[in-house]
Every structure is written in C-alpha cells, then in structure tokens.
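S.K.: So here's upload_9.csv, just CSV, C-alpha atoms and all ligand atoms:
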chain,number,residue,atom,x,y,z
P,1,MET,CA,-61.9,100.1,78.7
P,2,ALA,CA,-59.3,97.7,80.2
P,3,VAL,CA,-55.9,98.1,81.8
P,4,ASP,CA,-53.4,95.5,80.8
P,5,LEU,CA,-51.0,94.7,83.6
P,6,ALA,CA,-48.4,93.0,81.5
P,7,PRO,CA,-46.0,95.7,80.4
P,8,ALA,CA,-44.0,96.4,83.5
P,9,ALA,CA,-41.9,99.4,82.5
P,10,PRO,CA,-39.4,100.3,85.2
P,11,GLY,CA,-40.0,103.3,87.4
P,12,THR,CA,-38.0,106.5,86.5
P,13,ALA,CA,-34.8,105.9,88.3
P,14,GLY,CA,-34.2,108.1,91.4
P,15,SER,CA,-37.6,109.8,91.1
P,16,PRO,CA,-40.8,108.6,92.9
P,17,ILE,CA,-44.2,108.2,91.3
P,18,LEU,CA,-46.9,110.5,92.6
P,19,VAL,CA,-50.0,108.4,93.3
P,20,ALA,CA,-53.5,109.5,94.2
P,21,ASP,CA,-56.8,107.8,95.0
P,22,ILE,CA,-59.5,110.4,94.5
P,23,GLY,CA,-62.9,109.4,95.8
P,24,GLY,CA,-66.1,111.5,96.1
P,25,THR,CA,-65.1,112.5,99.7
P,26,ASN,CA,-61.4,111.9,100.2
P,27,ALA,CA,-58.2,112.4,98.1
P,28,ARG,CA,-55.4,110.1,99.3
P,29,PHE,CA,-51.9,110.9,98.0
P,30,GLY,CA,-48.6,109.2,98.3
P,31,LEU,CA,-45.2,108.6,96.7
P,32,ILE,CA,-44.1,105.2,95.4
P,33,ASP,CA,-40.4,104.2,95.4
P,34,GLY,CA,-40.2,100.7,93.9
P,35,ARG,CA,-42.6,98.7,96.1
P,36,VAL,CA,-42.7,101.2,98.9
P,37,VAL,CA,-45.5,103.8,99.3
P,38,ARG,CA,-44.5,106.6,101.6
P,39,ASP,CA,-45.6,110.1,102.7
P,40,THR,CA,-49.3,109.2,102.5
P,41,ARG,CA,-51.8,112.0,103.3
P,42,VAL,CA,-55.6,112.1,103.2
P,43,LEU,CA,-57.1,115.4,102.0
P,44,ARG,CA,-60.8,116.3,102.0
P,45,CYS,CA,-61.8,116.9,98.4
P,46,ALA,CA,-64.3,119.6,99.5
P,47,ASP,CA,-61.4,121.7,100.7
P,48,TYR,CA,-59.9,122.2,97.2
P,49,ALA,CA,-61.3,123.7,94.0
P,50,SER,CA,-59.5,121.3,91.7
P,51,ILE,CA,-57.4,118.2,91.5
P,52,GLU,CA,-54.3,120.3,90.7
P,53,ASP,CA,-54.9,122.4,93.9
P,54,ALA,CA,-55.1,119.2,96.0
P,55,ALA,CA,-52.0,117.7,94.4
P,56,THR,CA,-50.1,120.9,94.8
P,57,ALA,CA,-51.1,121.1,98.5
P,58,TYR,CA,-50.0,117.6,99.0
P,59,LEU,CA,-46.6,118.2,97.4
P,60,ALA,CA,-46.1,121.3,99.6
P,61,ALA,CA,-47.1,119.3,102.7
P,62,VAL,CA,-44.3,116.7,102.0
P,63,GLY,CA,-41.7,119.4,101.2
P,64,LEU,CA,-41.8,119.1,97.4
P,65,ALA,CA,-43.5,122.4,96.5
P,66,ALA,CA,-40.7,123.8,94.3
P,67,ALA,CA,-40.6,122.6,90.7
P,68,GLY,CA,-37.3,120.9,90.1
P,69,SER,CA,-36.7,120.2,93.8
P,70,PRO,CA,-34.8,117.0,94.4
P,71,GLY,CA,-37.1,114.0,95.0
P,72,ARG,CA,-40.0,115.6,93.2
P,73,PRO,CA,-42.0,113.0,91.2
P,74,ARG,CA,-41.7,113.0,87.4
P,75,ARG,CA,-44.5,110.5,86.8
P,76,GLY,CA,-48.0,110.2,88.3
P,77,ALA,CA,-50.7,107.6,88.5
P,78,PHE,CA,-54.1,108.6,89.7
P,79,ALA,CA,-57.2,106.5,90.5
P,80,VAL,CA,-60.5,108.5,90.2
P,81,ALA,CA,-64.1,107.7,91.1
P,82,GLY,CA,-65.8,108.0,87.7
P,83,PRO,CA,-65.6,106.8,84.2
P,84,VAL,CA,-62.2,107.3,82.4
P,85,THR,CA,-63.0,107.4,78.7
P,86,GLY,CA,-60.6,110.1,77.4
P,87,ASP,CA,-58.5,113.1,78.3
P,88,THR,CA,-61.4,114.9,80.1
P,89,ILE,CA,-62.5,113.3,83.3
P,90,ALA,CA,-65.7,114.2,85.1
P,91,MET,CA,-66.0,112.6,88.5
P,92,THR,CA,-69.3,111.1,89.5
P,93,ASN,CA,-69.7,112.3,93.1
P,94,LEU,CA,-67.6,115.5,92.9
P,95,VAL,CA,-67.6,118.8,91.0
P,96,TRP,CA,-64.0,118.4,90.0
P,97,GLN,CA,-63.6,118.0,86.2
P,98,PHE,CA,-60.2,118.0,84.6
P,99,SER,CA,-58.0,117.3,81.6
P,100,VAL,CA,-55.4,114.7,82.2
P,101,SER,CA,-52.8,116.4,79.9
P,102,ARG,CA,-53.4,119.8,81.6
P,103,VAL,CA,-53.0,118.4,85.1
P,104,ARG,CA,-49.9,116.5,84.0
P,105,ASP,CA,-48.4,119.8,82.7
P,106,ALA,CA,-49.5,121.9,85.7
P,107,LEU,CA,-47.8,119.5,88.0
P,108,GLY,CA,-44.6,119.3,85.9
P,109,LEU,CA,-45.0,115.6,85.3
P,110,GLU,CA,-43.5,113.8,82.3
P,111,GLY,CA,-46.3,111.2,82.3
P,112,LEU,CA,-49.6,110.8,84.1
P,113,VAL,CA,-51.7,107.6,84.0
P,114,VAL,CA,-55.4,108.0,85.1
P,115,ILE,CA,-57.6,104.9,85.7
P,116,ASN,CA,-60.9,104.3,87.4
P,117,ASP,CA,-60.5,103.8,91.2
P,118,PHE,CA,-62.1,100.4,91.2
P,119,THR,CA,-59.9,99.3,88.3
P,120,ALA,CA,-57.0,100.2,90.6
P,121,VAL,CA,-58.5,98.2,93.5
P,122,ALA,CA,-59.0,95.2,91.2
P,123,LEU,CA,-55.3,95.5,90.1
P,124,SER,CA,-54.3,95.4,93.8
P,125,VAL,CA,-55.8,91.9,94.4
P,126,PRO,CA,-52.8,89.9,93.2
P,127,ARG,CA,-50.7,92.0,95.6
P,128,LEU,CA,-52.9,91.6,98.7
P,129,ALA,CA,-51.3,89.5,101.5
P,130,ASP,CA,-53.5,87.3,103.8
P,131,GLU,CA,-53.5,90.0,106.5
P,132,ASP,CA,-54.9,92.5,104.0
P,133,ARG,CA,-58.2,90.7,103.7
P,134,ARG,CA,-60.8,89.0,105.9
P,135,GLN,CA,-62.9,86.1,104.6
P,136,ILE,CA,-66.6,86.1,105.2
P,137,GLY,CA,-68.1,82.6,105.1
P,138,ASP,CA,-66.7,79.5,103.4
P,139,GLY,CA,-65.3,78.8,99.9
P,140,ALA,CA,-61.8,78.8,98.4
P,141,PRO,CA,-60.5,80.6,95.3
P,142,GLN,CA,-60.0,78.7,92.1
P,143,ALA,CA,-56.5,79.4,90.7
P,144,GLY,CA,-56.5,81.4,87.5
P,145,ALA,CA,-60.2,82.3,87.7
P,146,VAL,CA,-61.9,85.7,87.3
P,147,VAL,CA,-62.0,87.9,90.4
P,148,ALA,CA,-64.8,90.4,91.2
P,149,VAL,CA,-64.4,93.6,93.2
P,150,LEU,CA,-67.0,96.0,94.6
P,151,GLY,CA,-67.0,98.6,97.3
P,152,PRO,CA,-69.3,101.1,98.8
P,153,GLY,CA,-67.9,104.5,99.7
P,154,SER,CA,-69.2,107.9,98.5
P,155,GLY,CA,-70.4,105.8,95.5
P,156,LEU,CA,-70.4,102.1,94.7
P,157,GLY,CA,-67.3,101.0,92.7
P,158,VAL,CA,-67.3,97.8,90.8
P,159,SER,CA,-64.6,96.0,88.7
P,160,GLY,CA,-63.3,92.6,87.8
P,161,LEU,CA,-59.9,91.0,87.1
P,162,VAL,CA,-59.7,88.7,84.1
P,163,PRO,CA,-56.8,86.2,83.8
P,164,GLY,CA,-54.9,86.0,80.5
P,165,ALA,CA,-51.9,84.0,79.3
P,166,ASN,CA,-48.6,83.9,81.2
P,167,GLY,CA,-50.0,85.1,84.5
P,168,ARG,CA,-51.2,88.4,83.0
P,169,TRP,CA,-54.4,90.0,84.3
P,170,THR,CA,-56.8,92.5,82.7
P,171,ALA,CA,-58.8,94.8,85.0
P,172,LEU,CA,-62.2,95.9,83.9
P,173,SER,CA,-63.4,99.5,83.9
P,174,GLY,CA,-67.2,99.4,84.1
P,175,GLU,CA,-69.8,101.4,85.9
P,176,GLY,CA,-71.4,98.5,87.6
P,177,GLY,CA,-72.4,100.5,90.6
P,178,HIS,CA,-75.2,102.0,88.5
P,179,VAL,CA,-77.0,98.7,87.7
P,180,THR,CA,-80.6,98.6,88.8
P,181,MET,CA,-81.1,97.4,92.4
P,182,ALA,CA,-83.4,94.4,92.7
P,183,PRO,CA,-85.4,93.4,95.8
P,184,THR,CA,-85.3,89.9,97.4
P,185,SER,CA,-88.2,90.4,100.0
P,186,ASP,CA,-91.4,92.3,100.4
P,187,ARG,CA,-89.7,94.7,102.8
P,188,GLU,CA,-86.9,95.4,100.3
P,189,SER,CA,-89.6,95.9,97.6
P,190,ALA,CA,-91.3,98.5,99.8
P,191,VAL,CA,-88.1,100.3,100.5
P,192,LEU,CA,-87.1,100.4,96.8
P,193,GLY,CA,-90.7,101.6,96.0
P,194,GLN,CA,-90.3,104.4,98.5
P,195,LEU,CA,-87.0,105.4,97.0
P,196,ARG,CA,-88.5,105.5,93.5
P,197,LYS,CA,-90.5,108.5,94.7
P,198,SER,CA,-87.2,110.4,95.0
P,199,PHE,CA,-85.1,108.8,92.3
P,200,GLU,CA,-85.9,108.3,88.6
P,201,HIS,CA,-83.6,105.2,88.7
P,202,VAL,CA,-82.9,103.3,91.9
P,203,SER,CA,-79.4,101.9,91.2
P,204,ALA,CA,-77.3,99.8,93.5
P,205,GLU,CA,-75.4,102.9,94.4
P,206,ARG,CA,-78.5,104.6,95.7
P,207,VAL,CA,-78.6,102.1,98.5
P,208,LEU,CA,-75.0,100.8,98.7
P,209,SER,CA,-72.9,103.9,99.5
P,210,GLY,CA,-72.7,106.4,102.4
P,211,PRO,CA,-75.7,108.4,101.0
P,212,GLY,CA,-77.3,105.0,100.2
P,213,LEU,CA,-77.2,104.0,103.9
P,214,VAL,CA,-79.0,107.2,104.7
P,215,ASN,CA,-81.5,106.6,101.9
P,216,LEU,CA,-82.3,103.1,103.4
P,217,TYR,CA,-82.7,104.6,106.9
P,218,GLY,CA,-85.0,107.3,105.6
P,219,ALA,CA,-87.1,104.9,103.6
P,220,LEU,CA,-87.5,102.5,106.4
P,221,SER,CA,-88.4,105.3,108.9
P,222,THR,CA,-91.0,106.7,106.5
P,223,LEU,CA,-92.6,103.3,105.7
P,224,ASP,CA,-93.1,102.9,109.5
P,225,GLY,CA,-94.7,106.3,109.7
P,226,ARG,CA,-91.8,108.0,111.5
P,227,GLY,CA,-90.1,111.1,110.1
P,228,PRO,CA,-86.4,110.3,109.7
P,229,ALA,CA,-83.9,112.4,111.6
P,230,ALA,CA,-81.2,114.2,109.6
P,231,LEU,CA,-78.4,111.7,110.1
P,232,THR,CA,-75.0,111.3,108.4
P,233,PRO,CA,-73.9,107.8,107.1
P,234,ALA,CA,-71.5,107.5,110.1
P,235,GLN,CA,-74.4,108.4,112.5
P,236,VAL,CA,-76.6,105.7,111.0
P,237,ALA,CA,-73.8,103.2,111.3
P,238,ASP,CA,-72.9,104.3,114.9
P,239,ASN,CA,-76.6,104.1,116.0
P,240,ALA,CA,-76.8,100.6,114.5
P,241,LEU,CA,-73.6,99.5,116.2
P,242,SER,CA,-74.9,100.8,119.6
P,243,GLY,CA,-78.4,99.4,118.9
P,244,SER,CA,-79.9,102.7,119.9
P,245,ASP,CA,-82.2,103.2,116.9
P,246,PRO,CA,-84.1,100.2,115.4
P,247,HIS,CA,-84.4,101.9,112.0
P,248,CYS,CA,-80.6,102.4,111.8
P,249,VAL,CA,-80.1,98.7,112.8
P,250,GLU,CA,-82.5,97.7,110.0
P,251,ALA,CA,-80.9,100.0,107.5
P,252,VAL,CA,-77.4,98.5,108.2
P,253,GLU,CA,-78.9,95.0,108.0
P,254,MET,CA,-80.6,95.7,104.7
P,255,PHE,CA,-77.4,97.4,103.4
P,256,CYS,CA,-75.4,94.2,104.1
P,257,ALA,CA,-78.0,91.9,102.6
P,258,MET,CA,-78.3,94.1,99.5
P,259,LEU,CA,-74.5,94.2,99.1
P,260,GLY,CA,-74.7,90.3,99.2
P,261,THR,CA,-77.3,90.4,96.5
P,262,VAL,CA,-75.2,92.7,94.2
P,263,ALA,CA,-72.0,90.8,95.0
P,264,GLY,CA,-73.7,87.5,94.0
P,265,ASN,CA,-75.1,89.1,90.8
P,266,LEU,CA,-71.6,90.3,89.9
P,267,ALA,CA,-70.0,86.8,90.7
P,268,LEU,CA,-72.6,85.2,88.4
P,269,THR,CA,-72.1,87.7,85.6
P,270,LEU,CA,-68.3,87.5,85.7
P,271,GLY,CA,-68.0,83.8,86.7
P,272,ALA,CA,-65.8,85.0,89.5
P,273,ARG,CA,-64.6,81.7,90.9
P,274,GLY,CA,-61.4,83.4,91.9
P,275,GLY,CA,-63.3,85.2,94.7
P,276,VAL,CA,-65.3,88.4,95.4
P,277,TYR,CA,-63.5,91.3,97.2
P,278,VAL,CA,-65.4,93.9,99.1
P,279,ALA,CA,-63.4,97.2,99.4
P,280,GLY,CA,-64.4,100.8,100.0
P,281,GLY,CA,-64.4,102.8,103.2
P,282,ILE,CA,-67.8,101.8,104.7
P,283,VAL,CA,-67.8,98.0,105.2
P,284,PRO,CA,-64.7,97.8,107.5
P,285,LYS,CA,-66.4,100.4,109.8
P,286,LEU,CA,-69.4,98.1,110.3
P,287,GLY,CA,-67.3,95.5,112.1
P,288,THR,CA,-69.2,92.5,113.4
P,289,LEU,CA,-72.5,93.8,112.1
P,290,PHE,CA,-71.2,93.0,108.7
P,291,THR,CA,-69.5,89.7,109.7
P,292,HIS,CA,-72.8,88.4,111.3
P,293,SER,CA,-75.1,89.9,108.6
P,294,ARG,CA,-77.1,88.3,105.8
P,295,PHE,CA,-74.4,89.3,103.3
P,296,ARG,CA,-73.1,85.8,102.7
P,297,MET,CA,-76.6,84.3,102.7
P,298,HIS,CA,-77.8,86.8,100.1
P,299,PHE,CA,-74.6,86.3,98.1
P,300,MET,CA,-75.3,82.5,97.7
P,301,GLU,CA,-79.1,82.4,97.5
P,302,LYS,CA,-79.6,82.4,93.8
P,303,GLY,CA,-82.0,79.5,93.4
P,304,ARG,CA,-80.5,76.9,91.0
P,305,MET,CA,-77.2,78.8,91.0
P,306,ARG,CA,-76.6,78.3,94.8
P,307,ASP,CA,-74.1,75.4,94.1
P,308,PHE,CA,-72.2,77.6,91.7
P,309,LEU,CA,-71.8,80.4,94.3
P,310,ALA,CA,-71.3,78.3,97.5
P,311,PRO,CA,-67.6,77.5,96.8
P,312,VAL,CA,-66.8,81.2,95.8
P,313,PRO,CA,-65.0,82.9,98.7
P,314,THR,CA,-65.9,86.4,99.7
P,315,TYR,CA,-63.4,88.8,101.4
P,316,VAL,CA,-63.5,92.2,103.0
P,317,VAL,CA,-60.3,94.1,102.0
P,318,THR,CA,-58.7,95.4,105.2
P,319,HIS,CA,-55.7,97.0,103.5
P,320,GLU,CA,-56.0,100.8,104.0
P,321,LEU,CA,-54.9,101.9,100.6
P,322,PRO,CA,-55.5,99.0,98.1
P,323,ALA,CA,-55.8,101.5,95.2
P,324,PHE,CA,-52.2,102.5,95.7
P,325,LEU,CA,-51.1,98.8,95.3
P,326,GLY,CA,-53.1,98.8,92.0
P,327,LEU,CA,-51.6,102.1,90.9
P,328,ALA,CA,-48.1,100.7,91.5
P,329,GLU,CA,-49.1,97.8,89.2
P,330,ALA,CA,-50.6,100.1,86.6
P,331,ALA,CA,-47.5,102.4,86.7
P,332,GLY,CA,-45.3,99.4,86.1
P,333,THR,CA,-43.3,99.5,89.4
P,334,GLU,CA,-41.8,96.2,90.6
G,401,LIG,N1,-68.5,105.2,110.2
G,401,LIG,C1,-69.1,105.3,109.0
G,401,LIG,N2,-70.1,104.4,108.7
G,401,LIG,C2,-70.7,104.4,107.5
G,401,LIG,N3,-70.3,105.3,106.5
G,401,LIG,C3,-69.4,106.2,106.8
G,401,LIG,C4,-68.7,106.2,108.0
G,401,LIG,N4,-67.7,107.2,108.0
G,401,LIG,C5,-67.8,107.7,106.7
G,401,LIG,N5,-68.8,107.2,106.0
G,401,LIG,C6,-69.2,107.5,104.7
G,401,LIG,O1,-68.4,106.8,103.8
G,401,LIG,C7,-68.3,107.6,102.5
G,401,LIG,C8,-66.9,107.8,102.1
G,401,LIG,O2,-66.3,106.5,101.8
G,401,LIG,P1,-64.8,106.3,101.4
G,401,LIG,O3,-63.9,106.6,102.6
G,401,LIG,O4,-64.7,105.0,100.8
G,401,LIG,O5,-64.7,107.6,100.4
G,401,LIG,P2,-64.2,107.8,99.0
G,401,LIG,O6,-63.0,107.0,98.7
G,401,LIG,O7,-64.1,109.3,98.9
G,401,LIG,O8,-65.5,107.3,98.2
G,401,LIG,P3,-65.6,106.8,96.7
G,401,LIG,O9,-64.3,106.2,96.2
G,401,LIG,O10,-66.7,105.7,96.7
G,401,LIG,O11,-66.1,108.0,95.9
G,401,LIG,C9,-69.1,108.9,102.8
G,401,LIG,O12,-70.4,108.8,102.2
G,401,LIG,C10,-69.1,108.9,104.3
G,401,LIG,O13,-70.3,109.7,104.7
Using the file provided, produce a representation of the structure as structure tokens.
M.R.:
Amino acid sequence: MAVDLAPAAPGTAGSPILVADIGGTNARFGLIDGRVVRDTRVLRCADYASIEDAATAYLAAVGLAAAGSPGRPRRGAFAVAGPVTGDTIAMTNLVWQFSVSRVRDALGLEGLVVINDFTAVALSVPRLADEDRRQIGDGAPQAGAVVAVLGPGSGLGVSGLVPGANGRWTALSGEGGHVTMAPTSDRESAVLGQLRKSFEHVSAERVLSGPGLVNLYGALSTLDGRGPAALTPAQVADNALSGSDPHCVEAVEMFCAMLGTVAGNLALTLGARGGVYVAGGIVPKLGTLFTHSRFRMHFMEKGRMRDFLAPVPTYVVTHELPAFLGLAEAAGTE
C-alpha cells in the first residue's frame, strides 16, 4: 500500500490535527497547527489498555478532555508500528488492536488517517533540515532519486520514498524489517545459528531492534561459554559505551555492522541513490560507537556493486519526532 503525498488538502480551519506516533514501547502525541507541532507528550504504551485510552489521557493532559471544548482537534493522523491493510489494525510489538473507524468515533474526530510509522518517517524526509540529520561517511544524494528509510526501535521499521511527476513522492508501506538476516562473516554465521535455536525465522528485526541487541549479546555470550546476564537493551548499550563488558561491546559492534548490511541491501533493492536514512530510537543513543562502527563499510561492501553504493549517502535522523513531520505531510497541512 502506498501513501500519495500530492493532494494537500488544507487543515480544518481553527482546529488542530491530533497526531500520534505509536511504537511498540512509546506513544508520542502532539497537535499540529499549520506547520507547527505543539503540546508533544510521550506516554508509555504499557500504561494503557488501548489506543483510545492513551489518546484520551493525552487530550486530558493538554486540557482538551471535554468533547466540544474549544481547540479540540477535529481530525487525526496516527502512525503505527505494524501493517496498515484495512480498518482493523494489529500492532506488531504491542497487544493493542483497534478499528480505525471506532477510534475515530470514540475520540469525536471527523476524520482519522492511519499509516505505518515508517511510511510516516519516509514522508518526513523532504521536510528534514540539515540540522535534523547527521551524515555517516561520504556520498551525496542524487536529486529526484529514490530514498530508503530504516530504523531500529522496539522493532525494525523500513520504508522508501519514490519520486513521481511534478515533485510528488510516494511512500512505501512494506514490512521490510522481517526480511531474513544474512551473515557476512563466520562469527555472524555462528550468532545467527545460535539464534535459530530460539527463533523459527531469524529476521533482520530479531537482531536490529532493542530486543535484537539483547539477542546478539545473549548469543555472543553463549557462544563463548558464558551465561548471559539479564540485561535490557539500554544496559547492553551502556556497558558497550563504557567498555565494561566485552560481549556488550561486540553486540553493539555487530548490531551496527548488520544494520549496514541491511541498509545496503535495501539501497540495492530500491536503487536508493537519493540516500539512506537511519531513524528509530536506538542508533542516536549509540553516539560515537555508531559513527566509528563498521556500518558504512558493511553498507558499501557488496562485491561488484560497491561502486553503485559508494556515492549513496547514509544519514542518521537526529530530529526527535520525524514521524510527526510525515503525518503533517500525510494529513495535508502546509
Ligand atoms: N539507551 C538505549 N540503548 C539501546 N536501546 C535502547 C536504549 N533505550 C531504550 N532502548 C530500546 O529502544 C526500544 C524503543 O525504541 P523507540 O524509542 O524507537 O521505540 P518505539 O518507537 O516504541 O519503537 P518501534 O516504533 O520500533 O515500535 C526498546 O526496545 C528499548 O528497550
């Protein structure tokens, strides 16, 4: 399914648009007035039984609890981590399941657009300023070429932006985080072999996500004959940043290298000479470990296709809420 950016219907005059970026862990809400996003709040999904409950709590938190209160949004645009194929949405890494029309009615909205979260991130790319992204390695974007987007968070989101006529773009809604993870070294093969003992299918998401970072750490520890400690993704990253645990260091190194492999695969598949954007909550937290990692090397090292990939720039998205920029685009604000 694709979202066409072209029809830029004006926002409902005088009433903001309720926007939400619902991941497997965090639900980020805000209100868009024209180009401005305001009253942003981050709620933990686990604290709410349903998407309506979280949205209702948000509206109460910003003083808009009462239906009909002045300033209450009449339209909504939500980005969700999971496939959007019809009125019923089941999220991939969360128990929330909902009907778009029922949520629209429950929140008293006249219209509600729901798109995949990485479709929203892809739609944000034309709106990103230079300070909203950090380039990793060399290369320069080719004007009017396809752009690729991927991002590890609770899961691994993947999308692409395809140029059309008259400066119009189409954002892809695939499930590319679930492609099969391929190894590029004996050590990676051993890790994936170890993970196959636990997972029927070792997808990219099984290693390139918060839980994936823990999976890498666990597999590496086990391969070296050490029982892994019960660590959270943040603890694995923190131990790697401090250098206090060699298996955490190796897990983060392998995470960055495998992300390069998957980013290069995506760039080859889409012909993404407009650049590859890495979004999601995890990579910005890895700081210089990512900058100095084997990400870019693994991105480019595709044998005879090295010369195709070397000019393709890779960026980390540093904007805190890129999905909101994309939702503004999808909702047709200016
Ligand atoms: N410092 C850290 N280092 C590494 N991983 C972290 C860190 N802090 C949180 N995480 C992990 O990041 C993941 C959440 O990522 P993100 O903030 O992008 O959430 P999300 O938007 O809910 O995810 P998604 O959209 O992929 O479902 C969780 O798995 C969490 O454990």
S.K.: Counting only C-alpha atoms, which residue out of P:Gly281, P:Leu172, P:Pro70, P:His247 sits closest to Thr25 (chain P)?
M.R.: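 Ranked by minimum distance to Thr25 (chain P), first place goes to P:Gly281.
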S.K.: Distance limit 9 Å, reference ligand LIG 401 (chain G), atoms considered: only C-alpha atoms and all ligand atoms. Which residues make the cut? Give them as a VMD selection string.
M.R.: chain P and resid 21 to 28 44 to 45 80 to 82 91 to 94 117 to 118 151 to 157 209 to 213 232 to 238 252 279 to 286
S.K.: Which neighbours of Pro246 (chain P) fall inside 12 Å, counting all atoms listed in the file, when residues of the same chain fewer than 3 positions from it are skipped, and could you give them as a VMD selection string?
M.R.: chain P and resid 217 220 to 221 224 226 228 236 to 243 249 to 253
S.K.: Measure the distance from CA of Pro83 (chain P) to CA of Thr314 (chain P) in Å and round it to one decimal.
M.R.: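 If I compute the distance from CA of Pro83 (chain P) to CA of Thr314 (chain P), I get 25.6 Å.
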S.K.: For region 49-55 of chain P, find every residue with an atom within 8 Å (counting only C-alpha atoms), except residues of its own chain fewer than 6 positions away, and show them as a list of chain:residue names.
M.R.: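 Returned residues: P:Ala27, P:Phe29, P:Leu43, P:Trp96, P:Gln97, P:Phe98, P:Val103, P:Ala106, P:Leu107.
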S.K.: CA of Asn116 (chain P) and CA of His178 (chain P) are how many Å apart?
M.R.: 14.5 Å
S.K.: Nearest to Glu200 (chain P) among P:Ser69, P:Thr40, P:Thr288, P:Thr180, with distances taken over only C-alpha atoms: which residue is it?
M.R.: P:Thr180
S.K.: Could you check how far CA of Leu309 (chain P) sits from CA of Phe290 (chain P), in Å to one decimal?
M.R.: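 The value is 19.1 Å.
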S.K.: Name the residues in contact with region 191-194 of chain P at a cut-off of 8 Å, using only C-alpha atoms, excluding same-chain residues fewer than 2 positions from it; report them as a PyMOL selection string.
M.R.: chain P and resi 183+187-189+196-198+202+216+219-220+223
S.K.: Would you kindly place N, CA and C atoms on region 230-252 of chain P and return the model as a JSON list (two decimals), keeping the file's coordinate frame?
M.R.:
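Output contents, as saved in selection-v5.json:
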[["chain", "number", "residue", "atom", "x", "y", "z"],
["P", 230, "ALA", "N", -82.21, 113.85, 110.61],
["P", 230, "ALA", "CA", -81.20, 114.20, 109.60],
["P", 230, "ALA", "C", -79.85, 113.60, 110.10],
["P", 231, "LEU", "N", -79.57, 112.38, 109.68],
["P", 231, "LEU", "CA", -78.40, 111.70, 110.10],
["P", 231, "LEU", "C", -77.34, 111.57, 109.00],
["P", 232, "THR", "N", -76.06, 111.56, 109.36],
["P", 232, "THR", "CA", -75.00, 111.30, 108.40],
["P", 232, "THR", "C", -74.86, 109.75, 108.27],
["P", 233, "PRO", "N", -74.17, 109.27, 107.21],
["P", 233, "PRO", "CA", -73.90, 107.80, 107.10],
["P", 233, "PRO", "C", -73.24, 107.29, 108.37],
["P", 234, "ALA", "N", -72.26, 108.02, 108.89],
["P", 234, "ALA", "CA", -71.50, 107.50, 110.10],
["P", 234, "ALA", "C", -72.48, 107.45, 111.28],
["P", 235, "GLN", "N", -73.42, 108.40, 111.39],
["P", 235, "GLN", "CA", -74.40, 108.40, 112.50],
["P", 235, "GLN", "C", -75.32, 107.16, 112.39],
["P", 236, "VAL", "N", -75.76, 106.88, 111.16],
["P", 236, "VAL", "CA", -76.60, 105.70, 111.00],
["P", 236, "VAL", "C", -75.85, 104.45, 111.42],
["P", 237, "ALA", "N", -74.58, 104.35, 110.98],
["P", 237, "ALA", "CA", -73.80, 103.20, 111.30],
["P", 237, "ALA", "C", -73.53, 103.13, 112.85],
["P", 238, "ASP", "N", -73.22, 104.27, 113.46],
["P", 238, "ASP", "CA", -72.90, 104.30, 114.90],
["P", 238, "ASP", "C", -74.19, 103.90, 115.70],
["P", 239, "ASN", "N", -75.37, 104.42, 115.30],
["P", 239, "ASN", "CA", -76.60, 104.10, 116.00],
["P", 239, "ASN", "C", -76.93, 102.58, 115.85],
["P", 240, "ALA", "N", -76.56, 102.03, 114.69],
["P", 240, "ALA", "CA", -76.80, 100.60, 114.50],
["P", 240, "ALA", "C", -75.82, 99.80, 115.37],
["P", 241, "LEU", "N", -74.55, 100.25, 115.42],
["P", 241, "LEU", "CA", -73.60, 99.50, 116.20],
["P", 241, "LEU", "C", -73.92, 99.55, 117.71],
["P", 242, "SER", "N", -74.49, 100.68, 118.17],
["P", 242, "SER", "CA", -74.90, 100.80, 119.60],
["P", 242, "SER", "C", -76.26, 100.18, 119.83],
["P", 243, "GLY", "N", -77.01, 99.94, 118.75],
["P", 243, "GLY", "CA", -78.40, 99.40, 118.90],
["P", 243, "GLY", "C", -79.36, 100.42, 119.38],
["P", 244, "SER", "N", -79.01, 101.71, 119.27],
["P", 244, "SER", "CA", -79.90, 102.70, 119.90],
["P", 244, "SER", "C", -81.09, 103.11, 119.03],
["P", 245, "ASP", "N", -81.07, 102.78, 117.75],
["P", 245, "ASP", "CA", -82.20, 103.20, 116.90],
["P", 245, "ASP", "C", -82.55, 101.98, 115.98],
["P", 246, "PRO", "N", -83.75, 101.40, 116.13],
["P", 246, "PRO", "CA", -84.10, 100.20, 115.40],
["P", 246, "PRO", "C", -84.08, 100.42, 113.85],
["P", 247, "HIS", "N", -84.41, 101.64, 113.40],
["P", 247, "HIS", "CA", -84.40, 101.90, 112.00],
["P", 247, "HIS", "C", -82.95, 101.94, 111.42],
["P", 248, "CYS", "N", -82.02, 102.42, 112.25],
["P", 248, "CYS", "CA", -80.60, 102.40, 111.80],
["P", 248, "CYS", "C", -80.11, 100.96, 111.79],
["P", 249, "VAL", "N", -80.52, 100.15, 112.79],
["P", 249, "VAL", "CA", -80.10, 98.70, 112.80],
["P", 249, "VAL", "C", -80.65, 98.06, 111.54],
["P", 250, "GLU", "N", -81.92, 98.31, 111.22],
["P", 250, "GLU", "CA", -82.50, 97.70, 110.00],
["P", 250, "GLU", "C", -81.85, 98.17, 108.75],
["P", 251, "ALA", "N", -81.51, 99.46, 108.73],
["P", 251, "ALA", "CA", -80.90, 100.00, 107.50],
["P", 251, "ALA", "C", -79.52, 99.34, 107.28],
["P", 252, "VAL", "N", -78.72, 99.16, 108.34],
["P", 252, "VAL", "CA", -77.40, 98.50, 108.20],
["P", 252, "VAL", "C", -77.61, 97.04, 107.78]]
